[in-house]
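Below is the file query30.cif, which contains mmCIF, C-alpha atoms.
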data_final
#
loop_
_atom_site.label_atom_id
_atom_site.label_comp_id
_atom_site.auth_asym_id
_atom_site.auth_seq_id
_atom_site.Cartn_x
_atom_site.Cartn_y
_atom_site.Cartn_z
CA MET I 290 165.65 119.15 79.80
CA LYS I 291 168.41 117.31 81.62
CA GLN I 292 166.10 114.31 82.05
CA TYR I 293 165.11 114.47 78.38
CA LEU I 294 168.74 114.41 77.28
CA LYS I 295 169.48 111.56 79.66
CA GLY I 296 166.62 109.59 78.12
CA LEU I 297 167.80 110.46 74.64
CA ARG I 298 171.26 109.14 75.49
CA HIS I 299 169.87 105.91 76.90
CA GLY I 300 167.80 105.49 73.74
CA VAL I 301 170.67 105.74 71.26
CA PRO I 302 171.83 102.10 71.44
CA ILE I 303 168.21 100.94 71.17
CA ALA I 304 167.68 103.23 68.17
CA VAL I 305 170.70 101.85 66.33
CA GLY I 306 169.66 98.30 67.16
CA TYR I 307 166.17 99.04 65.81
CA LEU I 308 167.65 100.53 62.68
CA SER I 309 169.12 97.17 61.73
CA VAL I 310 166.14 95.10 62.88
CA SER I 311 163.57 97.26 61.06
CA PHE I 312 165.84 97.33 58.03
CA ALA I 313 165.32 93.58 57.83
CA PHE I 314 161.57 94.12 58.24
CA GLY I 315 161.54 96.67 55.41
CA ILE I 316 163.25 94.21 53.08
CA GLN I 317 160.83 91.47 53.99
CA ALA I 318 157.75 93.69 53.56
CA THR I 319 158.62 94.89 50.06
CA SER I 320 159.73 91.47 48.93
CA SER I 321 156.32 90.17 50.11
CA GLY I 322 154.52 92.56 47.78
CA LEU I 323 153.91 95.67 49.88
CA THR I 324 154.92 99.11 48.64
CA SER I 325 157.64 101.03 50.50
CA ILE I 326 155.07 103.47 51.86
CA GLN I 327 152.96 100.60 53.20
CA ALA I 328 155.99 99.07 54.92
CA ILE I 329 156.78 102.42 56.55
CA LEU I 330 153.16 102.93 57.66
CA ILE I 331 153.18 99.56 59.42
CA SER I 332 156.28 100.51 61.41
CA LEU I 333 154.97 104.03 62.07
CA PHE I 334 151.73 102.79 63.64
CA ASN I 335 152.80 99.55 65.32
CA VAL I 336 156.37 99.95 66.60
CA THR I 337 156.75 96.27 67.45
CA SER I 338 158.97 93.65 65.85
CA ALA I 339 157.30 90.31 66.47
CA GLY I 340 153.75 91.64 65.95
CA GLN I 341 154.63 93.31 62.65
CA LEU I 342 156.34 90.25 61.29
CA ALA I 343 153.34 88.07 62.10
CA GLY I 344 151.00 90.75 60.74
CA LEU I 345 152.90 90.89 57.49
CA GLN I 346 152.64 87.14 57.07
CA LEU I 347 148.88 87.29 57.67
CA MET I 348 148.41 90.14 55.17
CA VAL I 349 150.30 88.28 52.51
CA SER I 350 148.27 85.12 53.06
CA SER I 351 144.99 87.14 52.90
CA ALA I 352 143.99 86.10 56.41
CA GLY I 353 140.75 87.30 57.98
CA LEU I 354 140.61 90.38 60.19
CA ILE I 355 139.56 88.32 63.22
CA GLU I 356 142.64 86.16 62.85
CA MET I 357 144.74 89.30 62.56
CA MET I 358 143.17 90.65 65.73
CA LEU I 359 143.69 87.46 67.74
CA THR I 360 147.27 87.04 66.55
CA GLN I 361 148.20 90.60 67.48
CA LEU I 362 146.47 90.19 70.81
CA THR I 363 148.44 87.07 71.69
CA ILE I 364 151.83 88.17 70.45
CA ASN I 365 151.53 91.61 72.00
CA LEU I 366 149.83 90.69 75.26
CA ARG I 367 153.22 90.86 76.92
CA TYR I 368 153.02 94.64 76.51
CA ALA I 369 150.04 94.68 78.85
CA LEU I 370 152.27 93.14 81.52
CA MET I 371 155.02 95.62 80.70
CA SER I 372 152.70 98.63 80.77
CA LEU I 373 151.29 97.44 84.08
CA SER I 374 154.79 97.02 85.44
CA LEU I 375 155.84 100.44 84.11
CA SER I 376 152.74 102.07 85.65
CA GLN I 377 154.34 101.37 89.04
CA LYS I 378 157.41 103.42 88.22
CA LEU I 379 155.87 106.61 86.86
CA ASP I 380 156.13 109.90 88.74
CA LYS I 381 153.58 112.72 88.96
CA THR I 382 154.55 114.32 85.64
CA MET I 383 152.98 111.36 83.83
CA THR I 384 149.46 112.73 83.52
CA LEU I 385 146.84 111.03 81.35
CA PRO I 386 147.67 112.69 77.99
CA HIS I 387 151.30 111.70 78.38
CA ARG I 388 150.36 108.18 79.36
CA LEU I 389 148.21 107.97 76.21
CA LEU I 390 151.09 109.17 74.03
CA LEU I 391 153.99 107.35 75.62
CA SER I 392 152.27 103.97 75.87
CA PHE I 393 152.39 103.95 72.06
CA CYS I 394 156.18 103.49 72.21
CA ASN I 395 156.41 101.08 75.12
CA THR I 396 158.54 98.47 73.38
CA ASP I 397 160.41 95.58 75.02
CA GLU I 398 163.72 97.41 75.07
CA VAL I 399 162.33 100.79 76.11
CA PHE I 400 160.47 99.10 78.92
CA VAL I 401 163.47 97.20 80.21
CA VAL I 402 165.73 100.25 80.14
CA ALA I 403 163.08 102.37 81.89
CA SER I 404 162.53 99.64 84.51
CA GLN I 405 166.21 99.60 85.36
CA GLN I 406 166.33 103.29 86.25
CA PRO I 407 166.63 103.83 89.97
CA GLY I 408 163.50 105.33 91.54
CA LYS I 409 160.65 106.82 89.52
CA VAL I 410 160.73 107.93 85.90
CA GLY I 411 159.04 111.05 84.52
CA ARG I 412 157.73 112.14 81.14
CA ALA I 413 160.84 114.12 80.14
CA TYR I 414 163.02 111.05 80.52
CA LEU I 415 160.51 108.81 78.74
CA TYR I 416 160.09 111.13 75.76
CA GLY I 417 163.86 111.24 75.43
CA LEU I 418 164.12 107.49 75.75
CA THR I 419 161.43 106.73 73.14
CA ASN I 420 162.18 109.40 70.50
CA GLY I 421 165.37 107.83 69.17
CA PRO I 422 164.12 104.24 68.99
CA PHE I 423 160.88 105.36 67.27
CA LEU I 424 162.84 107.32 64.69
CA GLY I 425 165.29 104.43 64.21
CA TRP I 426 162.45 101.98 63.76
CA VAL I 427 160.67 104.00 61.08
CA LEU I 428 163.84 105.13 59.33
CA GLY I 429 165.28 101.60 59.23
CA THR I 430 162.07 100.27 57.72
CA GLY I 431 162.19 102.92 55.01
CA LEU I 432 165.84 102.24 54.21
CA GLY I 433 165.26 98.49 54.10
CA ALA I 434 162.19 98.90 51.88
CA LEU I 435 164.00 101.19 49.44
CA ALA I 436 167.52 99.79 49.41
CA GLY I 437 167.16 96.27 50.74
CA GLY I 438 166.95 94.66 47.34
CA LEU I 439 170.48 95.85 46.62
CA LEU I 440 172.06 93.87 49.46
CA PRO I 441 173.28 90.28 49.04
CA GLU I 442 171.23 87.67 50.89
CA SER I 443 174.20 86.73 53.11
CA VAL I 444 174.05 90.21 54.67
CA THR I 445 170.29 90.34 55.19
CA ALA I 446 170.33 86.84 56.74
CA ALA I 447 172.99 87.87 59.26
CA LEU I 448 170.96 90.97 60.22
CA GLY I 449 168.22 88.64 61.49
CA ILE I 450 170.16 88.02 64.68
CA ALA I 451 170.39 91.74 65.58
CA ILE I 452 167.25 91.91 67.68
CA TYR I 453 168.23 88.84 69.70
CA GLY I 454 171.70 90.25 70.30
CA MET I 455 169.95 93.26 71.75
CA PHE I 456 167.77 91.12 74.02
CA VAL I 457 170.84 89.25 75.26
CA ALA I 458 172.64 92.52 75.99
CA ILE I 459 169.67 93.71 78.03
CA ILE I 460 169.18 90.66 80.22
CA LEU I 461 172.75 89.49 80.84
CA PRO I 462 173.95 92.23 83.22
CA PRO I 463 171.03 91.68 85.66
CA PHE I 464 171.42 87.92 85.06
CA ARG I 465 175.00 88.21 86.24
CA ARG I 466 174.32 90.42 89.25
CA SER I 467 171.13 89.05 90.76
CA ARG I 468 170.73 85.40 91.69
CA ASP I 469 166.93 85.81 91.78
CA VAL I 470 166.74 87.27 88.27
CA ARG I 471 169.09 84.54 87.08
CA ILE I 472 166.78 81.82 88.38
CA VAL I 473 163.72 83.42 86.75
CA ILE I 474 165.45 83.77 83.37
CA ILE I 475 166.69 80.16 83.46
CA ILE I 476 163.19 78.87 84.23
CA SER I 477 161.66 80.97 81.45
CA VAL I 478 164.26 79.96 78.86
CA ALA I 479 164.02 76.28 79.81
CA LEU I 480 160.22 76.32 79.51
CA SER I 481 160.41 78.17 76.21
CA CYS I 482 162.82 75.64 74.72
CA LEU I 483 160.71 72.79 76.03
CA ILE I 484 157.54 74.14 74.44
CA SER I 485 159.27 74.87 71.13
CA LEU I 486 161.07 71.57 70.85
CA LEU I 487 158.54 69.06 72.18
CA PRO I 488 156.38 67.93 69.27
CA LEU I 489 153.50 67.40 71.69
CA LEU I 490 153.47 71.11 72.59
CA SER I 491 154.32 72.52 69.18
CA PHE I 492 150.70 73.62 68.61
CA ILE I 493 151.36 76.52 71.01
CA SER I 494 151.99 79.67 68.97
CA THR I 495 154.97 81.95 69.57
CA GLY I 496 152.87 84.62 71.25
CA PHE I 497 151.22 82.20 73.65
CA ARG I 498 154.54 80.53 74.38
CA ILE I 499 156.06 83.81 75.51
CA ILE I 500 153.11 84.59 77.76
CA ILE I 501 153.03 81.11 79.32
CA CYS I 502 156.77 81.10 80.03
CA ALA I 503 156.85 84.65 81.37
CA VAL I 504 153.85 84.16 83.64
CA ILE I 505 155.03 80.84 85.09
CA ALA I 506 158.66 81.96 85.60
CA SER I 507 157.71 85.34 87.09
CA ALA I 508 155.05 83.83 89.35
CA LEU I 509 157.51 81.23 90.64
CA GLY I 510 160.03 84.00 91.22
CA ALA I 511 157.50 86.16 93.05
CA TRP I 512 156.42 83.21 95.18
CA LEU I 513 159.86 81.85 96.09
CA MET I 514 161.94 85.04 95.99
CA PRO I 515 159.62 88.00 96.68
CA LEU I 516 161.05 91.53 96.65
CA PRO I 517 161.81 93.13 99.99
CA ASP I 518 159.05 95.34 101.40
CA GLU I 519 158.32 98.71 99.86
CA PRO I 520 161.17 101.20 100.27
CA ASN I 521 160.37 104.66 101.62
CA GLU I 522 158.65 106.76 98.93
CA ASP I 523 160.53 110.01 99.73
CA GLU I 524 163.85 108.29 99.45
CA GLU I 525 162.89 107.01 96.03
CA VAL I 526 162.04 110.46 94.74
CA LEU I 527 165.35 111.86 95.97
CA GLU I 528 167.21 109.11 94.22
CA ALA I 529 165.50 109.93 90.94
CA MET L 289 148.96 95.23 48.03
CA SER L 290 145.82 97.24 47.25
CA TRP L 291 145.28 100.18 49.59
CA PRO L 292 141.71 99.49 50.83
CA ILE L 293 142.71 95.98 51.95
CA PHE L 294 146.01 97.15 53.38
CA LEU L 295 144.40 99.93 55.42
CA LYS L 296 141.88 97.54 56.97
CA TYR L 297 144.70 95.24 58.11
CA LEU L 298 146.75 98.18 59.33
CA LEU L 299 143.87 99.58 61.37
CA VAL L 300 143.23 96.26 63.11
CA MET L 301 146.92 95.62 63.76
CA ALA L 302 147.76 99.06 65.06
CA GLY L 303 144.52 99.40 67.03
CA VAL L 304 144.93 96.14 68.92
CA THR L 305 148.63 96.75 69.58
CA TYR L 306 148.02 100.26 70.90
CA LEU L 307 145.09 99.32 73.16
CA ILE L 308 147.11 96.52 74.76
CA ARG L 309 149.87 98.96 75.63
CA MET L 310 147.70 101.91 76.53
CA ILE L 311 144.95 100.51 78.76
CA PRO L 312 147.13 99.25 81.66
CA LEU L 313 149.31 102.36 81.59
CA ALA L 314 146.37 104.79 81.52
CA ALA L 315 144.11 102.90 83.92
CA VAL L 316 146.49 101.88 86.69
CA ARG L 317 147.32 105.01 88.67
CA GLY L 318 147.94 103.68 92.16
CA LYS L 319 150.68 101.56 93.61
CA VAL L 320 150.14 97.81 93.46
CA LYS L 321 149.91 96.82 97.11
CA SER L 322 150.38 93.08 96.94
CA ARG L 323 153.98 92.08 97.53
CA PHE L 324 153.52 89.00 95.37
CA PHE L 325 152.19 91.01 92.44
CA ARG L 326 154.90 93.65 92.73
CA SER L 327 157.55 90.94 92.68
CA PHE L 328 155.81 89.29 89.73
CA LEU L 329 155.89 92.52 87.72
CA TYR L 330 159.54 93.03 88.60
CA TYR L 331 160.48 89.67 87.07
CA VAL L 332 158.27 89.93 83.95
CA PRO L 333 160.66 91.80 81.62
CA TYR L 334 163.51 89.39 82.17
CA ALA L 335 161.29 86.36 81.75
CA VAL L 336 159.72 87.79 78.58
CA LEU L 337 163.00 88.60 76.88
CA GLY L 338 164.45 85.22 77.87
CA ALA L 339 161.52 83.37 76.34
CA MET L 340 161.58 85.56 73.21
CA THR L 341 165.28 84.94 72.64
CA PHE L 342 165.52 81.20 73.21
CA PRO L 343 165.26 79.09 71.17
CA ASP L 344 164.21 81.54 68.40
CA VAL L 345 167.66 83.06 68.09
CA PHE L 346 168.95 79.80 66.65
CA ALA L 347 166.65 80.16 63.64
CA SER L 348 167.29 83.88 63.17
CA THR L 349 169.93 83.71 60.44
CA GLY L 350 168.48 80.83 58.48
CA ASN L 351 171.45 78.68 59.45
CA LEU L 352 171.95 76.94 62.80
CA ILE L 353 175.77 77.12 62.85
CA SER L 354 176.05 80.82 62.06
CA ALA L 355 173.26 81.53 64.56
CA ILE L 356 175.04 79.58 67.31
CA ALA L 357 178.26 81.48 66.59
CA GLY L 358 176.43 84.83 66.73
CA THR L 359 174.63 83.85 69.94
CA ALA L 360 177.88 82.76 71.62
CA VAL L 361 179.48 86.11 70.85
CA ALA L 362 176.40 87.97 72.10
CA LEU L 363 176.43 85.97 75.36
CA VAL L 364 180.11 86.66 76.03
CA LEU L 365 179.87 90.39 75.23
CA GLY L 366 176.59 90.69 77.14
CA TRP L 367 178.18 89.03 80.16
CA PHE L 368 180.86 91.73 80.14
CA GLU L 369 178.12 94.37 79.95
CA LYS L 370 178.95 95.78 76.52
CA SER L 371 176.37 98.18 75.05
CA LEU L 372 173.27 96.99 73.17
CA LEU L 373 174.78 98.22 69.94
CA THR L 374 178.14 96.51 70.41
CA VAL L 375 176.50 93.21 71.26
CA ALA L 376 173.95 93.32 68.41
CA ALA L 377 176.45 94.44 65.79
CA SER L 378 179.07 91.88 66.83
CA ALA L 379 176.50 89.09 66.72
CA CYS L 380 175.54 90.12 63.18
CA ALA L 381 179.17 90.42 62.06
CA VAL L 382 180.12 87.01 63.41
CA ALA L 383 176.99 85.37 61.99
CA TYR L 384 177.81 86.95 58.63
CA VAL L 385 181.46 85.80 58.59
CA VAL L 386 180.61 82.28 59.73
CA GLY L 387 177.83 82.17 57.14
CA LEU L 388 180.36 82.86 54.39
CA PHE L 389 182.19 79.63 55.16
CA LEU L 390 179.13 77.38 55.18
#
Structure encoded using structure tokens:
Amino acid sequence: MKQYLKGLRHGVPIAVGYLSVSFAFGIQATSSGLTSIQAILISLFNVTSAGQLAGLQLMVSSAGLIEMMLTQLTINLRYALMSLSLSQKLDKTMTLPHRLLLSFCNTDEVFVVASQQPGKVGRAYLYGLTNGPFLGWVLGTGLGALAGGLLPESVTAALGIAIYGMFVAIILPPFRRSRDVRIVIIISVALSCLISLLPLLSFISTGFRIIICAVIASALGAWLMPLPDEPNEDEEVLEA
Amino acid sequence: MSWPIFLKYLLVMAGVTYLIRMIPLAAVRGKVKSRFFRSFLYYVPYAVLGAMTFPDVFASTGNLISAIAGTAVALVLGWFEKSLLTVAASACAVAYVVGLFL
């Protein structure tokens, strides 16, 4: 219970951040011709910002299902890396049924917060951590879908930066503290800007760009600045 | 959008997204032994969020100037380790105010 509450507490800022980001998604979905219920269903079953936005655009343009599949695969492939990374931090309470359930809510922010916990994480903490953000995501979508039309465009435009503000808040503290993390982030950001801004490379989609940058920067980091050898397992459990 | 078409899209979207998240988490039970691979996985989240944020953040408000102002505020507050909410809300507020003057 204590772990659950701790997770819940850690999830609150993510939940509020999601509320504003999904609010923007809700507005966009209904103004693209979806009903409010449809907008909510998308958030309920996907729980991902970039993938949903791309999915919405494909729906509206009557794209084929194969294209939908490939787009989701590329944009969301980063989650495979995150799930793999998270699999290394799970304790014994994370049995298969819980892995099946909790992987559903493994978002960028949830993953990063969970990764930064010292030692292992268990299911109680992870349920706490994911419950708020999931609720915020679905609720925000509903509010945006129902009430979004009432807001002036200047407000909805400004809300577009919310998710990025959240990303910045997540990566800057480790950026400040660890030289190694700093180098990896700088490489990834530089590559990302290069790919986006060079006309020659502009054929690379957003999803692929993220994967390319993350893989190159992380591989360079792992090669040049590998982590110290495995700490003692027992010590880790005590810490948690 | 008509429901039969919508549900087909939804099924594909949600199915692919879930499988990508679920398979590695359910299938990988042991500890990754390779030091290189462990280090790689440690760096992934930071690299991913960095690449997702830049340069996309500059297009996020539909106006470069208001986006730069919002980003600058987020960077400063993030540097001083303010909470996710404080940083995100301040970025929105500043982008909104700057947007009013453009």
Mind running chain L against chain I at 6 Å and telling me each contacting residue's nearest atom pair with the distance in Å (one decimal), counting only C-alpha atoms, chain and number ascending, as CSV?
residue,atom,partner,partner_atom,distance
L:Met289,CA,I:Leu323,CA,5.3
L:Ala302,CA,I:Asn335,CA,5.1
L:Tyr306,CA,I:Phe393,CA,5.8
L:Ile308,CA,I:Ala369,CA,5.4
L:Arg309,CA,I:Ala369,CA,5.4
L:Met310,CA,I:Ser392,CA,5.1
L:Pro312,CA,I:Leu373,CA,5.1
L:Leu313,CA,I:Ser372,CA,5.1
L:Ala314,CA,I:Arg388,CA,5.7
L:Lys319,CA,I:Gln377,CA,5.9
L:Phe324,CA,I:Ala511,CA,5.4
L:Ser327,CA,I:Ala511,CA,4.8
L:Phe328,CA,I:Ala511,CA,4.9
L:Leu329,CA,I:Ser374,CA,5.2
L:Tyr331,CA,I:Ser507,CA,5.1
L:Val332,CA,I:Ser507,CA,5.6
L:Ala335,CA,I:Ala503,CA,4.8
L:Val336,CA,I:Ala503,CA,5.1
L:Gly338,CA,I:Val478,CA,5.4
L:Ala339,CA,I:Val478,CA,5.0
L:Thr341,CA,I:Tyr453,CA,5.7
L:Phe342,CA,I:Val478,CA,5.9
L:Pro343,CA,I:Cys482,CA,5.5
L:Ser348,CA,I:Gly449,CA,5.1
L:Thr349,CA,I:Ala446,CA,4.9
L:Ala362,CA,I:Gly454,CA,5.5
L:Gly366,CA,I:Ala458,CA,4.5
L:Trp367,CA,I:Leu461,CA,5.5
L:Glu369,CA,I:Pro462,CA,5.7
L:Leu372,CA,I:Met455,CA,5.2
L:Leu373,CA,I:Pro302,CA,5.1
L:Val375,CA,I:Gly454,CA,5.7
L:Ala376,CA,I:Gly454,CA,4.2
L:Cys380,CA,I:Ala447,CA,5.2
L:Ala383,CA,I:Ala447,CA,5.5
L:Tyr384,CA,I:Ala447,CA,4.9
My list of candidates is L:Leu337, L:Ala315, L:Leu298, L:Val382. Which is closest to L:Thr359 when distances are computed with all atoms listed in the file?
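Closest to L:Thr359 of all the choices is L:Val382.
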Would you work out the distance separating atom CA of L:Leu352 from atom CA of I:Ser491, expressed in Å to one decimal?
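According to the coordinates, atom CA of L:Leu352 and atom CA of I:Ser491 are separated by 19.3 Å.
The spacing separating atom CA of I:Ser311 from atom CA of I:Leu428 amounts to 8.1 Å.
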When the PyMOL selection byres ((chain I and resi 290) around 10) is applied to the file above, which residues end up in the set, as a VMD selection string?
chain I and resid 291 to 296 413 to 414 417
Between atom CA of I:Arg298 and atom CA of I:Pro422, what distance in Å does the model show, to one decimal?
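Atom-to-atom, atom CA of I:Arg298 and atom CA of I:Pro422 are spaced 10.8 Å apart.
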